[in-house]
Amino acid sequence: MPPVRVGILGLGTVGGGVVNVLRRNADQITRRCGRRIDIIHAAARRLDAPRICALDGILLTTDPMSVVENPEVDIVVEVMGGLNPAHALIERALTLGKPVVTANKALLAHEGNALFELAEARGTMVAFEAAVAGGVPIIKAIREGLAANRIEWLAGIINGTGNFILTAMRDAGRSFADVLAEAQALGYAEADPTFDVEGIDAAHKLTILAAIAFGMPLKFEGVYTEGLSKLQTEDVRYARELGYQIKQLGIARRHDNGVELRVHPTLIPERRLLANVDGVKNAVLVWADAVGSTLYYGAGAGAEPTASAVVADLVDVVRTLTADPTHRVPHLAVVPSQITDLPVLPISAVTTGYYLRLMVLDQPGVLANIARVLADHGINIEAMIQKEASPETQHLPIVLLTHPLQEAVMDRAISALESLDSVQLPIVRIRVESLAG
Ligand code: NDP
Ligand code: HSE
């Protein structure tokens, strides 16, 4: 068979990794898909910039549309990122009937429904394993490996940069800004790192995971998102004293009346494997009815881990090039006519445990008042620690863990607690997940 010819849009961290992995493992890859995969045309913004890969034999351009429209290019790999011009380029490739491999979770979360529809109409496909959890083959695991199951929920650490920052702050006491700069230098962070820090990148990925887990359309606008930037080191410390780690989790859970989709810092019991996923590693825990819980773990970002997923997609695409389009793995795991538009529930409807930290005046009756407010709202306290007053403010921290309850009830209880004269504003609230089956 003649080689398959690839055009690549972007030669940065991921694009450079793809070129390197494809070249280094060319023989293995050829044996796996029966044809050689050659990159023949590549686009970047700067033609003279230093690259992590050799570019001999590849035609270079600053015009990505010329790569897409090159009649010699059979498959387009989009690893430039951002919504535009990536959107127009992928649309054009699909319109031309060319399969697309992309790592662009932001674009898929916003435009994936229409892009998948266009691909299906043109008898081609969009492959996107690298868009979630870097090198971890979570899309394949859910769409294919768990196809027998009804997936009830999943919870994952799905942003490598955020987890890298949290781990370094916890273990080395390093500042947020310093660790973020390192994550950027290592190529882990998004072009706009607030996407990593504020949970937006994780929300993009959760949108994709929920769609393939539940066979629903992509609904990014429904994801409740809280970032890491407000997290304080004392809460990380108190959580550990209570036997928990704080991780930024993306959680998707199916209910009779819809699905909950949320990304936020979360207390996880230390004994759970997810609580021990550190650095740039990602992990996704999936609970499905037949198999129970399964866990997928690996590097969540970086040149070669992400290239591993992009090249695996290329191999899949090459293997399916001659297959009937209606018999390929569906984009969102179920055949297009069977996608069900599930409502996304508001965060106020979610049931979870809570960690609360209240800064209170050191006065008689304070604890009794807090206990009374919680009891009035039917809230059960699971654990409580009282720390010494800070010498500057004379406020002492009271840290509470509650049994699970509905967020709307907790909102009302927090308002009532914040109206007590002895309680300083604001009360810190972090959600707790036991992650038990
Ligand atoms: P980089 O910023 O390292 O690379 C982007 C590349 O695209 C650069 O080579 C850049 O050119 C090129 N580019 C950008 N805009 C244009 C344009 N208008 N025309 C031509 N070339 C352009 O990004 P990453 O490799 O880190 O990320 C790429 C994609 O992969 C993103 O969607 C990201 O979210 C996703 N991703 C990234 C991971 C990672 O670990 N970094 C992991 C998983 C997914 P130049 O080099 O000349 O500036
Ligand atoms: N910025 C992303 C992360 C890249 O840190 O997880 C991988 O998607």
# chains A, B, ... in the order shown; residues from 1 in each chain; ligands from 1

call {"tool": "residues_around", "arguments": {"residues": "A:Ile37", "least_positions_apart": "5", "cutoff": "10 Å", "atoms": "only C-alpha atoms", "output": "PyMOL selection string"}}
result
chain A and resi 2-6+22-23+26-27+29-30+75+311+314-315+318

call {"tool": "closest_atom_pairs", "arguments": {"of": "chain A", "to": "ligand 1", "cutoff": "7 Å", "atoms": "only C-alpha atoms and all ligand atoms", "output": "tab-separated table"}}
result
residue	atom	partner	partner_atom_place_in_ligand_line	distance
A:Leu9	CA	ligand 1	21 (N)	6.1
A:Gly10	CA	ligand 1	7 (O)	3.4
A:Leu11	CA	ligand 1	9 (O)	3.6
A:Gly12	CA	ligand 1	4 (O)	3.3
A:Thr13	CA	ligand 1	25 (O)	3.7
A:Val14	CA	ligand 1	25 (O)	3.7
A:Gly15	CA	ligand 1	25 (O)	5.6
A:Ala43	CA	ligand 1	20 (C)	5.0
A:Ala44	CA	ligand 1	21 (N)	3.3
A:Arg45	CA	ligand 1	47 (O)	3.5
A:Arg46	CA	ligand 1	47 (O)	3.7
A:Leu47	CA	ligand 1	47 (O)	6.3
A:Ala49	CA	ligand 1	47 (O)	6.2
A:Thr62	CA	ligand 1	20 (C)	5.2
A:Asp63	CA	ligand 1	20 (C)	6.1
A:Pro64	CA	ligand 1	20 (C)	5.4
A:Val79	CA	ligand 1	29 (C)	4.2
A:Met80	CA	ligand 1	7 (O)	3.3
A:Gly81	CA	ligand 1	32 (O)	3.2
A:Gly82	CA	ligand 1	32 (O)	6.0
A:Pro85	CA	ligand 1	18 (N)	6.1
A:Ala103	CA	ligand 1	30 (O)	4.6
A:Asn104	CA	ligand 1	32 (O)	3.6
A:Lys105	CA	ligand 1	34 (O)	6.1
A:Ala106	CA	ligand 1	34 (O)	6.9
A:Ala130	CA	ligand 1	43 (C)	5.4
A:Ala131	CA	ligand 1	44 (C)	5.2
A:Val132	CA	ligand 1	43 (C)	6.9
A:Gly134	CA	ligand 1	43 (C)	4.8
A:Gly187	CA	ligand 1	41 (N)	5.0
A:Tyr188	CA	ligand 1	40 (O)	4.3
A:Ala189	CA	ligand 1	41 (N)	6.1
A:Glu190	CA	ligand 1	34 (O)	5.7
A:Ala191	CA	ligand 1	2 (O)	5.9
A:Gly300	CA	ligand 1	42 (C)	6.8
A:Ala301	CA	ligand 1	40 (O)	3.4
A:Gly302	CA	ligand 1	40 (O)	3.6
A:Ala303	CA	ligand 1	40 (O)	5.7
A:Thr306	CA	ligand 1	42 (C)	5.2

call {"tool": "write_last_selection", "arguments": {"atoms": "N, CA, C and O atoms", "output": "compact mmCIF listing (two decimals), in the first residue's frame"}}
result
# COMPACT_ATOMS: atom_id res chain seq x y z
N LEU A 9 -1.03 20.95 11.28
CA LEU A 9 -1.21 22.38 11.56
C LEU A 9 -0.70 22.64 12.96
O LEU A 9 -1.35 22.30 13.94
N GLY A 10 0.51 23.20 13.09
CA GLY A 10 1.13 23.44 14.39
C GLY A 10 2.34 22.57 14.59
O GLY A 10 2.29 21.35 14.37
N LEU A 11 3.45 23.22 14.99
CA LEU A 11 4.71 22.49 15.23
C LEU A 11 5.26 22.86 16.60
O LEU A 11 6.46 22.94 16.80
N GLY A 12 4.35 23.10 17.56
CA GLY A 12 4.78 23.46 18.91
C GLY A 12 5.01 22.20 19.74
O GLY A 12 5.54 21.20 19.25
N THR A 13 4.59 22.25 21.01
CA THR A 13 4.82 21.12 21.92
C THR A 13 4.25 19.83 21.33
O THR A 13 4.96 18.82 21.18
N VAL A 14 2.96 19.85 20.98
CA VAL A 14 2.32 18.61 20.52
C VAL A 14 2.75 18.27 19.09
O VAL A 14 3.12 17.12 18.80
N GLY A 15 2.72 19.27 18.21
CA GLY A 15 3.10 19.02 16.81
C GLY A 15 4.53 18.47 16.72
O GLY A 15 4.80 17.50 16.00
N ALA A 43 2.25 23.53 8.92
CA ALA A 43 2.09 24.99 9.06
C ALA A 43 2.48 25.42 10.47
O ALA A 43 2.19 24.72 11.45
N ALA A 44 3.13 26.57 10.56
CA ALA A 44 3.42 27.23 11.84
C ALA A 44 3.37 28.72 11.58
O ALA A 44 3.30 29.16 10.43
N ARG A 45 3.38 29.51 12.70
CA ARG A 45 3.37 30.96 12.49
C ARG A 45 4.73 31.47 12.04
O ARG A 45 4.84 32.35 11.21
N ARG A 46 5.80 30.88 12.66
CA ARG A 46 7.17 31.36 12.37
C ARG A 46 7.96 30.22 11.72
O ARG A 46 8.10 29.16 12.31
N LEU A 47 8.48 30.47 10.56
CA LEU A 47 9.22 29.41 9.86
C LEU A 47 10.64 29.26 10.39
O LEU A 47 11.27 28.21 10.23
N ALA A 49 11.58 29.63 13.66
CA ALA A 49 11.65 29.38 15.11
C ALA A 49 12.35 28.05 15.38
O ALA A 49 12.24 27.12 14.58
N THR A 62 3.40 29.21 6.33
CA THR A 62 2.70 29.95 7.39
C THR A 62 1.20 30.00 7.08
O THR A 62 0.44 30.64 7.80
N ASP A 63 0.79 29.35 6.01
CA ASP A 63 -0.62 29.39 5.58
C ASP A 63 -1.27 28.02 5.83
O ASP A 63 -1.19 27.13 4.96
N PRO A 64 -1.92 27.84 6.99
CA PRO A 64 -2.45 26.51 7.31
C PRO A 64 -3.52 26.03 6.32
O PRO A 64 -3.64 24.82 6.08
N VAL A 79 -3.04 20.69 15.55
CA VAL A 79 -2.44 20.83 16.88
C VAL A 79 -1.91 22.26 17.03
O VAL A 79 -0.82 22.47 17.54
N MET A 80 -2.72 23.21 16.56
CA MET A 80 -2.34 24.61 16.74
C MET A 80 -3.09 25.23 17.91
O MET A 80 -2.62 26.17 18.54
N GLY A 81 -4.29 24.72 18.22
CA GLY A 81 -5.06 25.21 19.37
C GLY A 81 -5.88 26.44 19.03
O GLY A 81 -5.79 27.01 17.95
N GLY A 82 -6.74 26.84 20.00
CA GLY A 82 -7.58 28.02 19.84
C GLY A 82 -8.81 27.73 18.99
O GLY A 82 -8.90 26.70 18.33
N PRO A 85 -8.01 30.30 13.81
CA PRO A 85 -8.68 29.75 12.62
C PRO A 85 -8.87 28.23 12.66
O PRO A 85 -9.28 27.66 11.64
N ALA A 103 -6.21 17.72 18.88
CA ALA A 103 -6.01 17.68 20.34
C ALA A 103 -6.75 18.85 20.98
O ALA A 103 -6.57 19.13 22.16
N ASN A 104 -7.59 19.52 20.18
CA ASN A 104 -8.14 20.83 20.56
C ASN A 104 -9.47 20.67 21.32
O ASN A 104 -10.55 20.76 20.74
N LYS A 105 -9.34 20.46 22.63
CA LYS A 105 -10.57 20.24 23.43
C LYS A 105 -11.44 21.48 23.52
O LYS A 105 -12.67 21.38 23.60
N ALA A 106 -10.82 22.67 23.50
CA ALA A 106 -11.62 23.90 23.58
C ALA A 106 -12.55 23.98 22.37
O ALA A 106 -13.75 24.22 22.48
N ALA A 130 -6.36 12.79 21.99
CA ALA A 130 -5.42 13.65 22.73
C ALA A 130 -6.12 14.82 23.41
O ALA A 130 -5.51 15.54 24.20
N ALA A 131 -7.41 15.00 23.12
CA ALA A 131 -8.11 16.17 23.69
C ALA A 131 -8.41 15.99 25.18
O ALA A 131 -8.67 16.96 25.88
N VAL A 132 -8.39 14.75 25.67
CA VAL A 132 -8.70 14.52 27.09
C VAL A 132 -7.60 13.68 27.72
O VAL A 132 -7.28 12.59 27.24
N GLY A 134 -4.36 13.92 27.96
CA GLY A 134 -3.06 13.73 27.31
C GLY A 134 -2.87 12.35 26.73
O GLY A 134 -3.58 11.94 25.81
N GLY A 187 5.82 23.09 28.63
CA GLY A 187 4.86 22.92 27.54
C GLY A 187 3.54 22.31 27.99
O GLY A 187 2.75 21.86 27.16
N TYR A 188 3.27 22.30 29.31
CA TYR A 188 2.02 21.69 29.80
C TYR A 188 0.83 22.65 29.70
O TYR A 188 -0.30 22.22 29.51
N ALA A 189 1.11 23.94 29.89
CA ALA A 189 0.00 24.90 30.07
C ALA A 189 -0.63 25.27 28.72
O ALA A 189 0.00 25.16 27.67
N GLU A 190 -1.86 25.72 28.80
CA GLU A 190 -2.54 26.25 27.61
C GLU A 190 -1.93 27.59 27.23
O GLU A 190 -1.28 28.25 28.05
N ALA A 191 -2.18 28.01 25.98
CA ALA A 191 -1.67 29.31 25.52
C ALA A 191 -2.11 30.40 26.50
O ALA A 191 -1.35 31.30 26.85
N GLY A 300 -0.75 13.55 31.71
CA GLY A 300 -1.88 14.33 31.22
C GLY A 300 -1.50 15.42 30.24
O GLY A 300 -2.37 16.07 29.67
N ALA A 301 -0.22 15.67 30.05
CA ALA A 301 0.23 16.74 29.14
C ALA A 301 1.69 16.50 28.79
O ALA A 301 2.33 15.61 29.35
N GLY A 302 2.18 17.30 27.85
CA GLY A 302 3.58 17.17 27.45
C GLY A 302 3.68 16.64 26.02
O GLY A 302 2.74 16.02 25.50
N ALA A 303 4.84 16.88 25.40
CA ALA A 303 5.00 16.61 23.97
C ALA A 303 4.73 15.15 23.60
O ALA A 303 3.83 14.85 22.81
N THR A 306 1.29 13.36 24.71
CA THR A 306 0.15 13.79 23.88
C THR A 306 0.31 13.26 22.46
O THR A 306 -0.66 12.84 21.82

call {"tool": "select_by_dssp", "arguments": {"residues": "stretch 219-389 of chain A", "states": "strand (DSSP E)", "output": "count of residues only"}}
result
59

call {"tool": "atom_distance", "arguments": {"atom1": "atom CA of A:Thr351", "atom2": "atom CA of A:Thr402"}}
result
11.5 Å

call {"tool": "select_by_dssp", "arguments": {"residues": "stretch 56-298 of chain A", "states": "helix (DSSP H, G or I)", "output": "ChimeraX atom specification"}}
result
/A:64-69,86-95,105-121,129-131,138-145,160-172,176-185,194-197,200-214,220-222,233-241,273-276

call {"tool": "residues_around", "arguments": {"residues": "stretch 388-394 of chain A", "least_positions_apart": "6", "cutoff": "10 Å", "atoms": "only C-alpha atoms", "output": "list in words"}}
result
Met359, Val360, Leu361 and Asp362 of chain A

call {"tool": "residues_around", "arguments": {"residues": "A:Pro193", "least_positions_apart": "6", "cutoff": "10 Å", "atoms": "only C-alpha atoms", "output": "PDB file with N, CA, C and O atoms, in the first residue's frame"}}
result
ATOM      1  N   THR A 161      -1.553  20.643  34.264  1.00  0.00           N
ATOM      2  CA  THR A 161      -0.925  21.847  34.816  1.00  0.00           C
ATOM      3  C   THR A 161      -1.439  22.123  36.221  1.00  0.00           C
ATOM      4  O   THR A 161      -0.665  22.389  37.148  1.00  0.00           O
ATOM      5  N   GLY A 162      -2.753  22.058  36.395  1.00  0.00           N
ATOM      6  CA  GLY A 162      -3.356  22.326  37.706  1.00  0.00           C
ATOM      7  C   GLY A 162      -2.839  21.338  38.742  1.00  0.00           C
ATOM      8  O   GLY A 162      -2.486  21.720  39.868  1.00  0.00           O
ATOM      9  N   LEU A 180       3.606  27.694  38.105  1.00  0.00           N
ATOM     10  CA  LEU A 180       2.931  27.893  36.813  1.00  0.00           C
ATOM     11  C   LEU A 180       3.958  28.205  35.731  1.00  0.00           C
ATOM     12  O   LEU A 180       3.881  27.660  34.614  1.00  0.00           O
ATOM     13  N   ALA A 181       4.946  29.033  36.050  1.00  0.00           N
ATOM     14  CA  ALA A 181       5.986  29.373  35.061  1.00  0.00           C
ATOM     15  C   ALA A 181       6.724  28.097  34.631  1.00  0.00           C
ATOM     16  O   ALA A 181       7.038  27.918  33.446  1.00  0.00           O
ATOM     17  N   ALA A 183       5.471  25.016  34.627  1.00  0.00           N
ATOM     18  CA  ALA A 183       4.539  24.228  33.796  1.00  0.00           C
ATOM     19  C   ALA A 183       4.489  24.797  32.378  1.00  0.00           C
ATOM     20  O   ALA A 183       4.415  24.046  31.393  1.00  0.00           O
ATOM     21  N   GLN A 184       4.575  26.117  32.276  1.00  0.00           N
ATOM     22  CA  GLN A 184       4.575  26.742  30.935  1.00  0.00           C
ATOM     23  C   GLN A 184       5.855  26.373  30.185  1.00  0.00           C
ATOM     24  O   GLN A 184       5.813  26.011  29.014  1.00  0.00           O
ATOM     25  N   ILE A 200     -11.184  25.923  33.322  1.00  0.00           N
ATOM     26  CA  ILE A 200     -11.887  25.971  32.025  1.00  0.00           C
ATOM     27  C   ILE A 200     -11.439  24.807  31.135  1.00  0.00           C
ATOM     28  O   ILE A 200     -12.249  24.140  30.486  1.00  0.00           O
ATOM     29  N   ASP A 201     -10.123  24.537  31.132  1.00  0.00           N
ATOM     30  CA  ASP A 201      -9.616  23.415  30.336  1.00  0.00           C
ATOM     31  C   ASP A 201     -10.224  22.101  30.836  1.00  0.00           C
ATOM     32  O   ASP A 201     -10.662  21.257  30.030  1.00  0.00           O
TER      33      ASP A 201
END

call {"tool": "atom_distance", "arguments": {"atom1": "atom CA of A:Ile58", "atom2": "atom CA of A:Pro137"}}
result
28.3 Å

call {"tool": "residues_around", "arguments": {"residues": "A:Pro325", "least_positions_apart": "6", "cutoff": "12 Å", "atoms": "only C-alpha atoms", "output": "PyMOL selection string"}}
result
chain A and resi 97+99+119-126+317+331+335
